[in-house]
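Following: one structure in structure tokens, then a few remarks.
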Amino acid sequence: MGHWLERNIIEPGKLPLLLALAAFVLTFVVTRTITRLIRAGKGPFGNVKAGGLHIHHVVPGVLLTVLGGFGAVASSGRRDFGTAAFAVVFGIGVGLVLDEFALILHLDDVYWTEAGRKSVEVVVLTAALVGLVLVGFSPFGVNNLSPAELQNRGAVIVGVAANFLLSLVALGKGKGRIALFGVIIPFVALIGAFRLARPGSYWARRFYRRRPRAQARAGLRAYRHDRRWSGPRRAFQDWIGGKPDARPARLPERR
């Protein structure tokens with residue numbers, strides 16, 4: 001484990017990424033725990049207000065993201081405590097921002113509504129993708145590689161390029177999640193690239209216009225897929241982020 005950490009994390013310079021990911025995940029877990037306690041009326045926590053204005057945690061999140069991002073850029077190329085500290089600050093800021101991604105998307109406080117599930121989905125995807133990049137082979141920046149290691153890392157580069165092309169096809173077919181993971185995980189994008197496109201995707205509009213049978217099959221397959229996986233996906237999101245309100249409180253009318 002120590003050898004792998006040294007060769008694939010520390011030596012290629014990915015330690016700040018590891019620290020940022022750890023800070024990001026920990027911040028999201030702590031934030032969700034506190035907000036769920038506030039929602040349940042438990043513990044000493046409460047909403048932050050200033051002059052009757054509710055200060056959402058996306059506000060300090062943006063400030064920390066800006067500070068950590070500019071600090072990381074300013075200290076790029078150096079491997080010192082400052083770089084690691086800015087990486088942690090950046091991870092904390094991103095965790096606070098993406099926890100309220102739905103608020104930014106809708107420009108409304110939808111944290112505990114059905115629309116608020118989008119925040120959990122974005123956080124999970126971000127953590128998964130950064131984690132995959134972190135544990136994957138780094139083809140550059142590692143010294144004293146043996147011929148076998150060079151061959152393996154060259155194969156990784158070719159595989160990533162091929163998966164990227166397949167991911168573009170999967171993205172064109174409306175399979176965004178598969179496309180994202182397919183850039184890094186071999187053969188995942190292959191599944192999305194060769195299966196029928198989702199209705200309304202670019203691929204369906206471009207290639208299924210004169211194929212009514214393909215349009216019908218694509219619609220039926222998308223319906224069955226969504227029906228099969230919507231329940232488990234919602235349960236997973238509820239377990240991570242809390243169950244949305246069945247009937248969200250009516251917001252005051254704006255004049």
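Starting from 1 in every chain, residues are counted up; chains themselves are A, B, ... following the order of the structure tokens, and ligands are numbered from 1 as listed.
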Polymer residues at most 10 Å from Ala179 (chain A), only C-alpha atoms, same-chain spacing of 3 or more positions, as JSON, numbers by chain: {"A": [163, 164, 165, 166, 167, 168, 169, 170, 171, 172, 173, 174, 175, 176, 182, 183, 184, 185, 188, 189, 190, 191, 192, 193]}
Would you kindly return, as a PyMOL selection string, each protein, DNA or RNA residue with an atom no farther than 10 Å from any atom of Gly200 (chain A), considering only C-alpha atoms and excluding same-chain residues fewer than 2 positions away? chain A and resi 173-174+197-198+202-206+215+218-219
File of the preceding selection, all heavy atoms, as a tab-separated table (two decimals), in the first residue's frame:
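New file out07.tsv:
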chain	number	residue	atom	x	y	z
A	173	LYS	N	-25.96	9.78	-27.21
A	173	LYS	CA	-27.15	8.94	-27.08
A	173	LYS	C	-27.94	9.24	-25.81
A	173	LYS	O	-28.88	8.51	-25.48
A	173	LYS	CB	-26.76	7.46	-27.10
A	173	LYS	CG	-26.28	6.99	-28.47
A	173	LYS	CD	-26.10	5.48	-28.51
A	173	LYS	CE	-25.82	5.02	-29.94
A	173	LYS	NZ	-25.75	3.53	-30.03
A	174	GLY	N	-27.55	10.29	-25.10
A	174	GLY	CA	-28.31	10.69	-23.92
A	174	GLY	C	-27.97	9.92	-22.67
A	174	GLY	O	-28.75	9.95	-21.71
A	197	ALA	N	-30.25	4.64	-28.26
A	197	ALA	CA	-30.21	5.99	-27.70
A	197	ALA	C	-31.51	6.28	-26.96
A	197	ALA	O	-32.57	5.71	-27.26
A	197	ALA	CB	-29.99	7.01	-28.80
A	198	ARG	N	-31.42	7.18	-25.98
A	198	ARG	CA	-32.62	7.61	-25.27
A	198	ARG	C	-33.43	8.56	-26.15
A	198	ARG	O	-32.86	9.35	-26.91
A	198	ARG	CB	-32.25	8.30	-23.96
A	198	ARG	CG	-31.66	7.37	-22.92
A	198	ARG	CD	-31.47	8.10	-21.60
A	198	ARG	NE	-32.74	8.49	-21.02
A	198	ARG	CZ	-33.47	7.71	-20.22
A	198	ARG	NH1	-33.05	6.50	-19.92
A	198	ARG	NH2	-34.61	8.15	-19.73
A	202	TYR	N	-29.48	13.61	-28.99
A	202	TYR	CA	-28.99	14.03	-30.31
A	202	TYR	C	-28.96	12.85	-31.28
A	202	TYR	O	-29.34	12.97	-32.45
A	202	TYR	CB	-27.60	14.64	-30.18
A	202	TYR	CG	-26.91	14.87	-31.51
A	202	TYR	CD1	-27.23	15.98	-32.28
A	202	TYR	CD2	-25.96	13.96	-32.00
A	202	TYR	CE1	-26.62	16.19	-33.52
A	202	TYR	CE2	-25.35	14.16	-33.23
A	202	TYR	CZ	-25.68	15.28	-33.98
A	202	TYR	OH	-25.08	15.46	-35.20
A	203	TRP	N	-28.51	11.71	-30.80
A	203	TRP	CA	-28.41	10.52	-31.66
A	203	TRP	C	-29.78	10.10	-32.16
A	203	TRP	O	-29.94	9.78	-33.34
A	203	TRP	CB	-27.77	9.39	-30.89
A	203	TRP	CG	-27.37	8.21	-31.72
A	203	TRP	CD1	-28.17	7.21	-32.16
A	203	TRP	CD2	-26.06	7.91	-32.23
A	203	TRP	NE1	-27.46	6.31	-32.91
A	203	TRP	CE2	-26.16	6.71	-32.97
A	203	TRP	CE3	-24.83	8.54	-32.13
A	203	TRP	CZ2	-25.07	6.13	-33.59
A	203	TRP	CZ3	-23.73	7.95	-32.75
A	203	TRP	CH2	-23.87	6.77	-33.47
A	204	ALA	N	-30.79	10.11	-31.27
A	204	ALA	CA	-32.14	9.72	-31.67
A	204	ALA	C	-32.73	10.70	-32.68
A	204	ALA	O	-33.37	10.29	-33.66
A	204	ALA	CB	-33.03	9.63	-30.44
A	205	ARG	N	-32.50	11.99	-32.46
A	205	ARG	CA	-33.02	12.98	-33.40
A	205	ARG	C	-32.33	12.89	-34.75
A	205	ARG	O	-32.94	13.15	-35.79
A	205	ARG	CB	-32.85	14.39	-32.82
A	205	ARG	CG	-33.65	14.66	-31.57
A	205	ARG	CD	-33.70	16.16	-31.27
A	205	ARG	NE	-32.37	16.74	-31.20
A	205	ARG	CZ	-31.65	16.84	-30.09
A	205	ARG	NH1	-32.14	16.37	-28.93
A	205	ARG	NH2	-30.44	17.41	-30.11
A	206	ARG	N	-31.06	12.53	-34.73
A	206	ARG	CA	-30.27	12.51	-35.97
A	206	ARG	C	-30.47	11.23	-36.76
A	206	ARG	O	-30.58	11.26	-38.00
A	206	ARG	CB	-28.79	12.70	-35.62
A	206	ARG	CG	-27.84	12.67	-36.81
A	206	ARG	CD	-28.05	13.89	-37.70
A	206	ARG	NE	-27.07	13.95	-38.76
A	206	ARG	CZ	-27.15	13.24	-39.89
A	206	ARG	NH1	-28.19	12.44	-40.09
A	206	ARG	NH2	-26.20	13.36	-40.82
A	215	GLN	N	-37.40	4.16	-32.91
A	215	GLN	CA	-37.93	5.14	-31.96
A	215	GLN	C	-38.80	4.47	-30.90
A	215	GLN	O	-38.71	4.77	-29.71
A	215	GLN	CB	-38.74	6.20	-32.70
A	215	GLN	CG	-37.91	7.09	-33.60
A	215	GLN	CD	-38.77	8.11	-34.33
A	215	GLN	OE1	-39.96	8.22	-34.08
A	215	GLN	NE2	-38.17	8.84	-35.27
A	218	ALA	N	-36.61	2.40	-28.55
A	218	ALA	CA	-35.85	3.27	-27.66
A	218	ALA	C	-36.74	3.81	-26.55
A	218	ALA	O	-36.34	3.87	-25.38
A	218	ALA	CB	-35.23	4.41	-28.45
A	219	GLY	N	-37.95	4.22	-26.89
A	219	GLY	CA	-38.88	4.73	-25.87
A	219	GLY	C	-39.26	3.67	-24.87
A	219	GLY	O	-39.31	3.93	-23.65
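The spacing separating CA of Arg79 (chain A) from CA of Leu132 (chain A) amounts to 22.3 Å.
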Enumerate, as a short mmCIF file (atom, residue, chain, number, x, y, z; two decimals) with C-alpha atoms, in the first residue's frame, the complete set of residues in region 9-200 of chain A that a backbone-based DSSP assignment places in helix (DSSP H, G or I).
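Wrote it out as states_10.cif, contents follow:
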data_model
loop_
_atom_site.label_atom_id
_atom_site.label_comp_id
_atom_site.auth_asym_id
_atom_site.auth_seq_id
_atom_site.Cartn_x
_atom_site.Cartn_y
_atom_site.Cartn_z
CA ILE A 9 -0.23 9.50 -5.56
CA ILE A 10 2.75 11.29 -4.06
CA LEU A 15 -1.54 14.29 -3.00
CA PRO A 16 -3.37 17.68 -3.13
CA LEU A 17 -6.13 15.98 -5.11
CA LEU A 18 -6.42 13.30 -2.42
CA LEU A 19 -6.64 15.94 0.30
CA ALA A 20 -9.21 17.95 -1.66
CA LEU A 21 -11.36 14.85 -2.23
CA ALA A 22 -11.20 13.86 1.44
CA ALA A 23 -12.13 17.40 2.51
CA PHE A 24 -14.94 17.49 -0.06
CA VAL A 25 -16.53 14.22 1.09
CA LEU A 26 -16.09 14.97 4.79
CA THR A 27 -17.59 18.45 4.37
CA PHE A 28 -20.62 17.07 2.56
CA VAL A 29 -21.20 14.40 5.24
CA VAL A 30 -20.85 16.89 8.10
CA THR A 31 -23.04 19.47 6.36
CA ARG A 32 -25.81 16.99 5.61
CA THR A 33 -25.68 15.67 9.17
CA ILE A 34 -26.05 19.17 10.61
CA THR A 35 -28.86 20.15 8.24
CA ARG A 36 -30.76 16.97 9.03
CA LEU A 37 -30.40 17.67 12.75
CA ILE A 38 -31.67 21.22 12.21
CA ARG A 39 -34.59 19.86 10.22
CA ALA A 40 -35.44 17.42 13.01
CA VAL A 58 -23.28 28.01 -0.44
CA VAL A 59 -22.16 31.57 0.38
CA PRO A 60 -19.11 30.65 2.51
CA GLY A 61 -18.63 27.74 0.10
CA VAL A 62 -18.12 30.11 -2.82
CA LEU A 63 -15.67 32.21 -0.82
CA LEU A 64 -13.65 29.17 0.24
CA THR A 65 -13.67 27.79 -3.32
CA VAL A 66 -12.32 31.07 -4.69
CA LEU A 67 -9.67 31.28 -1.97
CA GLY A 68 -8.59 27.66 -2.34
CA GLY A 69 -8.66 27.74 -6.14
CA PHE A 70 -6.56 30.88 -6.51
CA GLY A 71 -4.25 29.72 -3.74
CA ALA A 72 -3.73 26.37 -5.45
CA VAL A 73 -2.97 28.09 -8.76
CA ALA A 74 -0.52 30.46 -7.10
CA PHE A 81 2.28 22.75 3.21
CA GLY A 82 0.69 25.75 1.47
CA THR A 83 -0.37 23.69 -1.55
CA ALA A 84 -1.89 21.01 0.68
CA ALA A 85 -3.69 23.61 2.81
CA PHE A 86 -5.21 25.34 -0.24
CA ALA A 87 -6.31 21.94 -1.57
CA VAL A 88 -8.18 21.27 1.69
CA VAL A 89 -9.77 24.74 1.61
CA PHE A 90 -10.84 24.17 -1.99
CA GLY A 91 -12.36 20.77 -1.13
CA ILE A 92 -14.32 22.25 1.77
CA GLY A 93 -15.63 25.06 -0.44
CA VAL A 94 -16.71 22.72 -3.22
CA GLY A 95 -18.45 20.48 -0.69
CA LEU A 96 -20.49 23.41 0.61
CA VAL A 97 -21.30 24.67 -2.89
CA LEU A 98 -22.35 21.36 -4.43
CA ASP A 99 -24.46 20.49 -1.39
CA PHE A 101 -26.25 22.78 -6.26
CA ALA A 102 -30.03 22.54 -6.71
CA LEU A 103 -30.45 25.98 -5.14
CA ILE A 104 -28.06 27.46 -7.69
CA LEU A 105 -29.74 25.58 -10.53
CA HIS A 106 -33.29 26.65 -9.64
CA GLU A 114 -37.85 16.74 -4.81
CA ALA A 115 -35.74 19.10 -6.91
CA GLY A 116 -33.13 19.10 -4.15
CA ARG A 117 -32.18 15.52 -5.03
CA LYS A 118 -30.08 16.97 -7.84
CA SER A 119 -27.53 18.18 -5.27
CA VAL A 120 -27.00 14.67 -3.92
CA GLU A 121 -26.69 13.27 -7.41
CA VAL A 122 -24.07 15.83 -8.41
CA VAL A 123 -22.07 15.27 -5.20
CA VAL A 124 -22.03 11.49 -5.66
CA LEU A 125 -20.97 11.78 -9.31
CA THR A 126 -18.25 14.30 -8.47
CA ALA A 127 -16.82 12.20 -5.64
CA ALA A 128 -16.91 9.05 -7.76
CA LEU A 129 -15.19 10.64 -10.75
CA VAL A 130 -12.47 12.34 -8.69
CA GLY A 131 -11.92 9.09 -6.81
CA LEU A 132 -11.54 7.17 -10.08
CA VAL A 133 -9.03 9.71 -11.37
CA LEU A 134 -7.16 9.48 -8.10
CA VAL A 135 -6.79 5.71 -7.95
CA PRO A 147 9.84 -1.39 -19.41
CA ALA A 148 6.83 -3.37 -18.20
CA GLU A 149 5.46 -0.32 -16.36
CA LEU A 150 6.00 1.87 -19.42
CA GLN A 151 4.12 -0.64 -21.56
CA ASN A 152 1.28 -0.81 -19.05
CA ARG A 153 0.98 2.94 -18.80
CA GLY A 154 1.08 3.28 -22.59
CA ALA A 155 -1.78 0.82 -22.80
CA VAL A 156 -3.66 2.89 -20.24
CA ILE A 157 -3.24 6.03 -22.39
CA VAL A 158 -4.57 4.23 -25.47
CA GLY A 159 -7.45 2.79 -23.44
CA VAL A 160 -8.41 6.18 -22.04
CA ALA A 161 -8.40 7.70 -25.53
CA ALA A 162 -10.60 4.90 -26.88
CA ASN A 163 -12.95 5.16 -23.92
CA PHE A 164 -13.17 8.92 -24.46
CA LEU A 165 -14.35 8.43 -28.04
CA LEU A 166 -16.89 5.84 -26.91
CA SER A 167 -18.00 8.22 -24.17
CA LEU A 168 -18.72 10.90 -26.75
CA VAL A 169 -21.01 8.45 -28.56
CA ALA A 170 -22.70 7.48 -25.28
CA LEU A 171 -23.17 11.17 -24.44
CA GLY A 172 -24.73 11.76 -27.84
CA GLY A 176 -24.62 11.10 -19.44
CA ARG A 177 -23.68 9.00 -16.41
CA ILE A 178 -22.27 6.18 -18.50
CA ALA A 179 -20.34 8.70 -20.59
CA LEU A 180 -18.76 10.28 -17.50
CA PHE A 181 -17.68 7.00 -15.95
CA GLY A 182 -16.70 5.55 -19.31
CA VAL A 188 -18.45 1.01 -19.45
CA ALA A 189 -18.79 3.51 -22.30
CA LEU A 190 -18.89 0.59 -24.72
CA ILE A 191 -22.26 -0.42 -23.25
CA GLY A 192 -23.73 3.03 -23.69
CA ALA A 193 -22.28 3.45 -27.17
CA PHE A 194 -23.84 0.27 -28.60
#
In Å, rounded to a single decimal, give me how far CA of Asp245 (chain A) is from CA of Ile55 (chain A).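 Straight-line distance from CA of Ile55 (chain A) to CA of Asp245 (chain A) works out to 21.0 Å.
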All strand (DSSP E) residues (DSSP, backbone) inside region 12-231 of chain A, as number ranges by chain: A: 49-50, 53-54
